[in-house]
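Student: query25.pdb is the file, holding PDB, C-alpha atoms:
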ATOM      1  CA  MET A 388      45.000 129.164  77.566
ATOM      2  CA  LEU A 389      44.265 129.098  73.840
ATOM      3  CA  GLY A 390      46.319 125.914  73.467
ATOM      4  CA  LEU A 391      44.386 124.244  76.295
ATOM      5  CA  TRP A 392      41.046 125.269  74.772
ATOM      6  CA  PHE A 393      42.141 123.950  71.352
ATOM      7  CA  SER A 394      43.203 120.601  72.834
ATOM      8  CA  LEU A 395      39.920 120.226  74.702
ATOM      9  CA  CYS A 396      37.955 120.964  71.547
ATOM     10  CA  LEU A 397      39.923 118.349  69.607
ATOM     11  CA  LEU A 398      39.309 115.793  72.327
ATOM     12  CA  GLY A 399      35.595 116.559  72.228
ATOM     13  CA  LEU A 400      35.470 116.102  68.471
ATOM     14  CA  VAL A 401      37.189 112.726  68.691
ATOM     15  CA  ALA A 402      35.313 111.381  71.690
ATOM     16  CA  TRP A 403      31.801 112.382  70.619
ATOM     17  CA  GLY A 404      29.812 109.289  69.736
ATOM     18  CA  SER A 405      32.855 107.063  70.298
ATOM     19  CA  PRO A 406      33.624 104.087  72.558
ATOM     20  CA  PRO A 407      35.691 104.757  75.706
ATOM     21  CA  LEU A 408      39.183 105.992  74.872
ATOM     22  CA  ALA A 409      42.133 103.646  75.179
ATOM     23  CA  GLU A 410      45.677 103.500  73.864
ATOM     24  CA  ASN A 411      48.792 101.402  74.437
ATOM     25  CA  ILE A 412      51.446 103.498  72.685
ATOM     26  CA  ASP A 413      54.837 104.476  74.146
ATOM     27  CA  PRO A 414      54.400 102.464  77.375
ATOM     28  CA  ALA A 415      57.849 103.494  78.665
ATOM     29  CA  GLY A 416      57.188 107.218  78.094
ATOM     30  CA  ARG A 417      60.179 107.726  75.762
ATOM     31  CA  ASP A 418      58.427 109.633  72.960
ATOM     32  CA  ALA A 419      58.167 106.472  70.850
ATOM     33  CA  ARG A 420      54.959 107.699  69.188
ATOM     34  CA  PHE A 421      55.711 109.399  65.863
ATOM     35  CA  ALA A 422      55.486 108.529  62.155
ATOM     36  CA  TRP A 423      56.511 110.714  59.213
ATOM     37  CA  GLY A 424      54.453 111.645  56.153
ATOM     38  CA  GLU A 425      56.824 112.421  53.304
ATOM     39  CA  ASN A 426      54.596 115.250  52.063
ATOM     40  CA  VAL A 427      52.565 116.177  55.156
ATOM     41  CA  GLY A 428      54.915 116.033  58.140
ATOM     42  CA  TRP A 429      54.597 114.365  61.533
ATOM     43  CA  PHE A 430      51.862 112.036  62.796
ATOM     44  CA  ASN A 431      51.380 111.391  66.503
ATOM     45  CA  ALA A 432      50.093 107.962  67.603
ATOM     46  CA  ARG A 433      49.490 109.177  71.162
ATOM     47  CA  PRO A 434      47.843 112.588  70.753
ATOM     48  CA  LEU A 435      46.660 114.271  73.956
ATOM     49  CA  GLY A 436      48.818 112.003  76.101
ATOM     50  CA  PRO A 437      48.275 108.818  78.138
ATOM     51  CA  GLY A 438      44.741 107.445  78.153
ATOM     52  CA  GLY A 439      43.745 109.673  75.253
ATOM     53  CA  PRO A 440      42.505 108.828  71.766
ATOM     54  CA  GLY A 441      45.757 107.302  70.499
ATOM     55  CA  LEU A 442      46.293 103.940  68.838
ATOM     56  CA  GLN A 443      45.321 100.734  70.615
ATOM     57  CA  ILE A 444      47.041  97.665  69.153
ATOM     58  CA  ASP A 445      45.384  94.328  69.975
ATOM     59  CA  ASP A 446      45.793  90.803  68.624
ATOM     60  CA  PHE A 447      43.540  91.275  65.603
ATOM     61  CA  GLU A 448      42.710  94.955  65.263
ATOM     62  CA  VAL A 449      43.942  98.506  65.618
ATOM     63  CA  THR A 450      41.583 101.115  67.026
ATOM     64  CA  GLY A 451      42.011 104.760  68.003
ATOM     65  CA  TRP A 452      43.490 107.713  66.162
ATOM     66  CA  LEU A 453      46.619 109.225  64.674
ATOM     67  CA  PHE A 454      46.895 113.010  64.555
ATOM     68  CA  GLY A 455      48.737 114.666  61.670
ATOM     69  CA  GLU A 456      50.158 118.095  62.339
ATOM     70  CA  ASN A 457      49.062 119.252  58.890
ATOM     71  CA  ILE A 458      46.114 117.014  58.003
ATOM     72  CA  GLY A 459      44.277 116.420  61.309
ATOM     73  CA  TRP A 460      42.719 113.237  62.647
ATOM     74  CA  VAL A 461      43.157 109.778  61.115
ATOM     75  CA  SER A 462      40.713 107.076  62.259
ATOM     76  CA  THR A 463      41.983 103.489  62.186
ATOM     77  CA  SER A 464      38.574 101.870  62.762
ATOM     78  CA  CYS A 465      34.884 102.440  62.211
ATOM     79  CA  LYS A 466      34.557 101.432  65.885
ATOM     80  CA  ASN A 467      36.021 104.829  66.817
ATOM     81  CA  THR A 468      32.792 106.569  65.848
ATOM     82  CA  ALA A 469      30.355 103.635  66.082
ATOM     83  CA  SER A 470      29.852 103.860  62.304
ATOM     84  CA  CYS A 471      30.462 100.199  61.376
ATOM     85  CA  GLY A 472      26.792  99.692  60.559
ATOM     86  CA  ARG A 473      27.113 102.228  57.736
ATOM     87  CA  VAL A 474      30.636 101.533  56.486
ATOM     88  CA  ARG A 475      32.892  98.824  57.900
ATOM     89  CA  TYR A 476      36.575  99.661  57.637
ATOM     90  CA  GLY A 477      39.677  99.472  59.759
ATOM     91  CA  VAL A 478      43.296  98.487  60.192
ATOM     92  CA  ARG A 479      43.578  94.764  60.805
ATOM     93  CA  HIS A 480      46.281  92.815  62.621
ATOM     94  CA  ASP A 481      47.002  89.155  61.918
ATOM     95  CA  GLY A 482      48.216  88.467  65.461
ATOM     96  CA  ALA A 483      51.801  88.034  64.225
ATOM     97  CA  GLY A 484      52.668  91.704  63.766
ATOM     98  CA  ASN A 485      51.460  92.288  60.193
ATOM     99  CA  LEU A 486      48.990  95.130  59.684
ATOM    100  CA  SER A 487      46.609  95.501  56.739
ATOM    101  CA  GLY A 488      43.385  97.262  55.837
ATOM    102  CA  GLU A 489      42.807 100.987  55.770
ATOM    103  CA  ALA A 490      42.480 104.083  57.919
ATOM    104  CA  TRP A 491      40.377 107.135  57.055
ATOM    105  CA  ALA A 492      41.487 110.777  57.200
ATOM    106  CA  GLU A 493      38.802 113.361  56.522
ATOM    107  CA  ASN A 494      41.266 115.648  54.762
ATOM    108  CA  ILE A 495      43.295 113.170  52.663
ATOM    109  CA  GLY A 496      41.107 110.064  52.270
ATOM    110  CA  TRP A 497      42.146 106.443  52.664
ATOM    111  CA  ILE A 498      45.516 105.306  54.006
ATOM    112  CA  LEU A 499      46.433 101.700  53.110
ATOM    113  CA  PHE A 500      48.485  99.792  55.669
ATOM    114  CA  ARG A 501      49.413  97.016  53.227
ATOM    115  CA  PRO A 502      49.389  98.593  49.765
ATOM    116  CA  SER A 503      49.839  96.441  46.680
ATOM    117  CA  SER A 504      50.726  96.701  43.032
ATOM    118  CA  GLY A 505      49.356  94.157  40.578
ATOM    119  CA  GLY A 506      47.865  92.218  43.487
ATOM    120  CA  ALA A 507      51.196  91.795  45.307
ATOM    121  CA  PRO A 508      52.114  93.724  48.489
ATOM    122  CA  VAL A 509      54.783  96.377  47.865
ATOM    123  CA  SER A 510      55.275  97.546  51.434
ATOM    124  CA  GLY A 511      53.277  97.516  54.621
ATOM    125  CA  VAL A 512      53.344  98.312  58.312
ATOM    126  CA  THR A 513      54.504  95.754  60.858
ATOM    127  CA  VAL A 514      54.729  95.520  64.646
ATOM    128  CA  ASP A 515      57.476  93.403  66.161
ATOM    129  CA  PRO A 516      55.603  90.785  68.261
ATOM    130  CA  PHE A 517      58.485  90.632  70.747
ATOM    131  CA  THR A 518      59.254  94.335  71.227
ATOM    132  CA  GLY A 519      56.111  96.140  70.026
ATOM    133  CA  GLU A 520      58.201  98.333  67.686
ATOM    134  CA  PHE A 521      56.634  99.584  64.430
ATOM    135  CA  ASP A 522      58.298  99.358  61.029
ATOM    136  CA  GLY A 523      57.399  99.761  57.364
ATOM    137  CA  GLU A 524      55.245 102.189  55.395
ATOM    138  CA  ALA A 525      51.578 102.919  54.654
ATOM    139  CA  TRP A 526      50.325 104.587  51.480
ATOM    140  CA  SER A 527      47.948 107.492  50.872
ATOM    141  CA  GLU A 528      46.870 107.986  47.272
ATOM    142  CA  ASN A 529      46.670 111.722  47.914
ATOM    143  CA  THR A 530      49.786 112.408  49.998
ATOM    144  CA  GLY A 531      52.209 109.516  49.404
ATOM    145  CA  TRP A 532      54.078 107.371  51.925
ATOM    146  CA  LEU A 533      53.555 107.437  55.679
ATOM    147  CA  ILE A 534      56.783 106.109  57.194
ATOM    148  CA  PHE A 535      56.614 104.092  60.426
ATOM    149  CA  GLY A 536      60.130 102.631  60.126
ATOM    150  CA  LEU A 537      61.928 105.615  61.605
ATOM    151  CA  GLY A 538      64.579 103.311  63.060
ATOM    152  CA  ASP A 539      66.092 103.279  59.572
ATOM    153  CA  PHE A 540      66.793 107.013  60.041
ATOM    154  CA  GLY A 541      68.237 106.706  63.538
ATOM    155  CA  LEU A 542      64.995 107.923  65.152
ATOM    156  CA  SER A 543      62.778 106.216  67.711
ATOM    157  CA  PRO A 544      59.827 104.519  65.956
ATOM    158  CA  ILE A 545      56.370 104.083  67.443
ATOM    159  CA  ARG A 546      56.290 101.410  70.116
ATOM    160  CA  THR A 547      53.200  99.714  71.550
ATOM    161  CA  GLY A 548      52.614  97.813  74.750
ATOM    162  CA  TRP A 549      51.141  94.944  72.719
ATOM    163  CA  THR A 550      53.366  91.914  72.237
ATOM    164  CA  CYS A 551      52.768  88.212  71.742
ATOM    165  CA  ASP A 552      55.718  87.253  73.921
ATOM    166  CA  PRO A 553      55.082  85.305  75.988
ATOM    167  CA  ALA A 554      52.056  84.227  73.988
ATOM    168  CA  ALA A 555      48.806  83.526  75.776
ATOM    169  CA  PRO A 556      47.476  79.980  75.334
ATOM    170  CA  ALA A 557      45.015  79.265  72.546
ATOM    171  CA  PRO A 558      41.408  79.828  73.662
ATOM    172  CA  ALA A 559      39.883  77.071  75.770
ATOM    173  CA  LEU A 560      36.303  78.331  75.562
ATOM    174  CA  VAL A 561      33.978  78.059  72.564
ATOM    175  CA  PRO A 562      32.059  81.250  71.696
ATOM    176  CA  SER A 563      28.283  81.143  71.356
ATOM    177  CA  LEU A 564      26.688  81.643  67.959
ATOM    178  CA  GLN A 565      23.152  82.777  67.156
ATOM    179  CA  VAL A 566      21.592  83.111  63.705
ATOM    180  CA  ASN A 567      18.674  85.462  63.031
ATOM    181  CA  GLN A 568      16.791  86.689  59.985
ATOM    182  CA  VAL A 569      16.763  90.501  59.850
ATOM    183  CA  GLY A 570      14.807  91.713  56.853
ATOM    184  CA  SER A 571      16.408  90.159  53.788
ATOM    185  CA  GLU A 572      19.684  89.381  55.580
ATOM    186  CA  THR A 573      20.875  86.482  57.706
ATOM    187  CA  VAL A 574      22.751  87.868  60.720
ATOM    188  CA  ILE A 575      25.233  85.680  62.601
ATOM    189  CA  GLN A 576      25.850  86.972  66.123
ATOM    190  CA  VAL A 577      28.820  85.833  68.241
ATOM    191  CA  SER A 578      29.075  86.240  72.008
ATOM    192  CA  GLY A 579      30.773  84.731  75.022
ATOM    193  CA  ALA A 580      34.241  84.607  73.460
ATOM    194  CA  GLY A 581      35.734  84.348  76.950
ATOM    195  CA  ASP A 582      39.516  84.040  76.716
ATOM    196  CA  ALA A 583      39.591  84.672  72.943
ATOM    197  CA  THR A 584      40.636  87.993  71.405
ATOM    198  CA  GLY A 585      38.939  87.251  68.072
ATOM    199  CA  HIS A 586      37.095  84.482  66.266
ATOM    200  CA  ASP A 587      36.703  82.566  62.997
ATOM    201  CA  ILE A 588      33.368  81.595  61.434
ATOM    202  CA  VAL A 589      33.060  78.967  58.701
ATOM    203  CA  ALA A 590      29.915  78.082  56.775
ATOM    204  CA  GLY A 591      28.786  75.332  54.465
ATOM    205  CA  ASP A 592      26.055  73.312  52.799
ATOM    206  CA  LEU A 593      23.768  71.671  55.360
ATOM    207  CA  GLY A 594      22.357  69.180  52.872
ATOM    208  CA  LEU A 595      25.831  68.022  51.872
ATOM    209  CA  LEU A 596      26.876  67.747  55.510
ATOM    210  CA  ARG A 597      23.923  65.443  56.191
ATOM    211  CA  ALA A 598      24.401  63.443  52.988
ATOM    212  CA  THR A 599      28.070  62.729  53.820
ATOM    213  CA  GLY A 600      27.329  61.677  57.386
ATOM    214  CA  GLY A 601      28.873  64.824  58.882
ATOM    215  CA  ASP A 602      31.956  65.259  56.679
ATOM    216  CA  PHE A 603      32.953  68.883  57.297
ATOM    217  CA  ARG A 604      35.831  68.675  54.834
ATOM    218  CA  ALA A 605      33.376  68.104  51.993
ATOM    219  CA  ALA A 606      30.680  70.457  53.277
ATOM    220  CA  THR A 607      32.771  73.529  54.223
ATOM    221  CA  GLU A 608      32.200  76.239  51.603
ATOM    222  CA  SER A 609      33.498  79.522  53.003
ATOM    223  CA  CYS A 610      35.439  81.290  55.723
ATOM    224  CA  LEU A 611      32.856  83.890  56.644
ATOM    225  CA  ALA A 612      35.102  85.664  59.172
ATOM    226  CA  ASP A 613      38.840  85.251  59.791
ATOM    227  CA  ASN A 614      40.447  86.515  63.015
ATOM    228  CA  THR A 615      37.673  89.081  63.325
ATOM    229  CA  THR A 616      36.749  91.195  66.333
ATOM    230  CA  PHE A 617      33.331  92.187  65.012
ATOM    231  CA  ASP A 618      30.523  90.475  66.912
ATOM    232  CA  SER A 619      28.230  90.048  63.896
ATOM    233  CA  GLU A 620      28.376  89.097  60.228
ATOM    234  CA  SER A 621      25.607  89.146  57.652
ATOM    235  CA  LEU A 622      24.675  87.227  54.503
ATOM    236  CA  SER A 623      22.333  88.493  51.817
ATOM    237  CA  ASP A 624      22.150  85.204  49.878
ATOM    238  CA  ASP A 625      19.480  82.931  51.302
ATOM    239  CA  PRO A 626      19.505  79.176  50.658
ATOM    240  CA  GLY A 627      16.924  77.899  48.229
ATOM    241  CA  PRO A 628      13.776  75.955  49.185
ATOM    242  CA  GLY A 629      14.659  72.799  51.062
ATOM    243  CA  GLU A 630      18.296  73.879  51.444
ATOM    244  CA  GLY A 631      20.212  75.120  54.467
ATOM    245  CA  ILE A 632      23.504  76.644  55.651
ATOM    246  CA  TRP A 633      25.418  75.613  58.745
ATOM    247  CA  PHE A 634      27.763  77.882  60.715
ATOM    248  CA  VAL A 635      30.377  77.086  63.372
ATOM    249  CA  VAL A 636      32.691  79.404  65.303
ATOM    250  CA  ARG A 637      35.969  79.114  67.195
ATOM    251  CA  GLY A 638      37.924  81.555  69.338
ATOM    252  CA  VAL A 639      41.423  82.721  68.381
ATOM    253  CA  THR A 640      44.335  84.569  69.993
ATOM    254  CA  CYS A 641      47.745  85.611  68.667
ATOM    255  CA  ASN A 642      48.983  82.202  69.817
ATOM    256  CA  GLY A 643      46.568  80.167  67.710
ATOM    257  CA  ALA A 644      43.021  78.924  67.320
ATOM    258  CA  GLY A 645      40.683  77.133  69.675
ATOM    259  CA  SER A 646      38.219  74.423  68.658
ATOM    260  CA  TYR A 647      35.123  74.320  66.460
ATOM    261  CA  ASP A 648      33.829  71.432  68.559
ATOM    262  CA  ALA A 649      30.724  71.857  70.672
ATOM    263  CA  PRO A 650      31.660  72.394  74.334
ATOM    264  CA  ALA A 651      31.541  69.308  76.511
ATOM    265  CA  GLY A 652      28.170  69.074  78.225
ATOM    266  CA  GLY A 653      26.743  71.799  75.999
ATOM    267  CA  GLY A 654      23.822  71.636  73.613
ATOM    268  CA  GLY A 655      24.608  69.519  70.590
ATOM    269  CA  ALA A 656      27.771  67.957  72.011
ATOM    270  CA  SER A 657      26.186  64.503  72.443
ATOM    271  CA  SER A 658      25.153  64.359  68.773
ATOM    272  CA  GLN A 659      28.531  65.414  67.359
ATOM    273  CA  ILE A 660      30.416  62.623  65.599
ATOM    274  CA  GLY A 661      34.184  62.904  66.016
ATOM    275  CA  SER A 662      36.005  66.247  65.917
ATOM    276  CA  ARG A 663      35.196  69.031  63.461
ATOM    277  CA  ASP A 664      38.606  70.668  63.624
ATOM    278  CA  ALA A 665      40.705  68.357  61.445
ATOM    279  CA  GLU A 666      38.012  68.079  58.765
ATOM    280  CA  ILE A 667      37.324  71.821  58.546
ATOM    281  CA  ASP A 668      41.029  72.685  58.535
ATOM    282  CA  ALA A 669      41.552  70.201  55.693
ATOM    283  CA  SER A 670      38.989  71.976  53.512
ATOM    284  CA  ALA A 671      40.229  74.371  50.835
ATOM    285  CA  ALA A 672      37.606  76.844  52.067
ATOM    286  CA  ALA A 673      38.778  76.845  55.707
ATOM    287  CA  CYS A 674      39.942  79.974  57.490
ATOM    288  CA  PRO A 675      43.758  80.215  57.236
TER     289      PRO A 675
END
The structure in this file should be written as structure tokens.

Tutor:
Amino acid sequence: MLGLWFSLCLLGLVAWGSPPLAENIDPAGRDARFAWGENVGWFNARPLGPGGPGLQIDDFEVTGWLFGENIGWVSTSCKNTASCGRVRYGVRHDGAGNLSGEAWAENIGWILFRPSSGGAPVSGVTVDPFTGEFDGEAWSENTGWLIFGLGDFGLSPIRTGWTCDPAAPAPALVPSLQVNQVGSETVIQVSGAGDATGHDIVAGDLGLLRATGGDFRAATESCLADNTTFDSESLSDDPGPGEGIWFVVRGVTCNGAGSYDAPAGGGGASSQIGSRDAEIDASAAACP
């Protein structure tokens, strides 16, 4: 009875103020859900069982929680507690099985999923895009290595139901983009991603775009968001008097990117000259 009460309390602590729970770990039910902390013991990627607060691996993000037997809960995304407006963090996925970014544990601090030394990666956590099997190591500055590659020790590593095999087609739909001024910040809101699992946003100099007759290669200045799942981005630098910034968005999946072009029959499509895609992709500032 005490164990049941303890589990219910833990679930309440995790779920309070959080999005609906979801997880896609150990889909075959073979206990493929554990990682090992060299100084702190076992971590469970599917705590409290199926449909609980465990890890959810998607094309471009990881959400949900790990539970360490000795250190407690580890959050892999600010989305877990709806705290992204205060501090935006999380474990990212590049759609090809490579994880990066950071998770937060209240008792041990940040855990880096692609640590580096001198600017170069020294390890990192990966997910096989064909089998969903985890490998590699994450790093905690306070407790050392968190080992996901348990297959090297003859043990069953964490396995997720996510794979990119067979890959879904690249997105056919173009997300909608809206720009608003909120206080001193410019907020870019994305919606209607349709068949996309993430999106890219690029930005550039509106005056230069007009002066070059619509040359996006010359006018593209930054990749504002790359393979992101957040529905808004903000800029604090406003253009000067008489200047402007343009923004365009495209949907992405693990199989590739959609188009920056305006949708056929949509607003602005009739005034577009040629295709934006080749010119933006040729810019040094394009999203990779």

Student: List as JSON, numbers by chain the protein and nucleic acid residues near range 557-562 of chain A, meaning an atom at most 8 Å away when only C-alpha atoms are counted, but skip any in the same chain fewer than 4 places from it.

Tutor: {"A": [577, 578, 579, 580, 581, 582, 583, 636, 637, 638, 639, 640, 641, 642, 643, 644, 645, 646, 647, 648, 649, 650]}

Student: Would you kindly translate the PyMOL selection byres ((chain A and resi 632) around 7) into the concrete residues it picks from this file, as a list in words?

Tutor: Ala590, Gly591, Asp592, Leu593, Pro626, Gly631, Trp633 and Phe634 of chain A

Student: Taking all atoms listed in the file into account, which of A:Ala671, A:Ala422, A:Ala490, A:Ala598 comes nearest Phe535 in chain A?

Tutor: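 The shortest atom-to-atom distance to Phe535 in chain A comes from A:Ala422.
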
Student: Set up a box along x, y and z of the file covering all listed atoms of range 502-520 of chain A, add 8 Å on every one of the six sides, and write the centre and edge lengths in Å to one decimal, as lines of an AutoDock Vina configuration file.

Tutor:
center_x = 53.6
center_y = 94.6
center_z = 55.9
size_x = 27.4
size_y = 24.0
size_z = 46.6

Student: Counting only C-alpha atoms, which residues sit no farther than 10 Å from the position (28.0, 90.2, 66.2) in the file's frame? I'd like them as an mmCIF file with C-alpha atoms, in the coordinates of the input.

Tutor:
data_model
loop_
_atom_site.group_PDB
_atom_site.id
_atom_site.type_symbol
_atom_site.label_atom_id
_atom_site.label_comp_id
_atom_site.auth_asym_id
_atom_site.auth_seq_id
_atom_site.Cartn_x
_atom_site.Cartn_y
_atom_site.Cartn_z
ATOM 1 C CA LEU A 564 26.688 81.643 67.959
ATOM 2 C CA GLN A 565 23.152 82.777 67.156
ATOM 3 C CA VAL A 566 21.592 83.111 63.705
ATOM 4 C CA VAL A 574 22.751 87.868 60.720
ATOM 5 C CA ILE A 575 25.233 85.680 62.601
ATOM 6 C CA GLN A 576 25.850 86.972 66.123
ATOM 7 C CA VAL A 577 28.820 85.833 68.241
ATOM 8 C CA SER A 578 29.075 86.240 72.008
ATOM 9 C CA THR A 616 36.749 91.195 66.333
ATOM 10 C CA PHE A 617 33.331 92.187 65.012
ATOM 11 C CA ASP A 618 30.523 90.475 66.912
ATOM 12 C CA SER A 619 28.230 90.048 63.896
ATOM 13 C CA GLU A 620 28.376 89.097 60.228
ATOM 14 C CA SER A 621 25.607 89.146 57.652
#
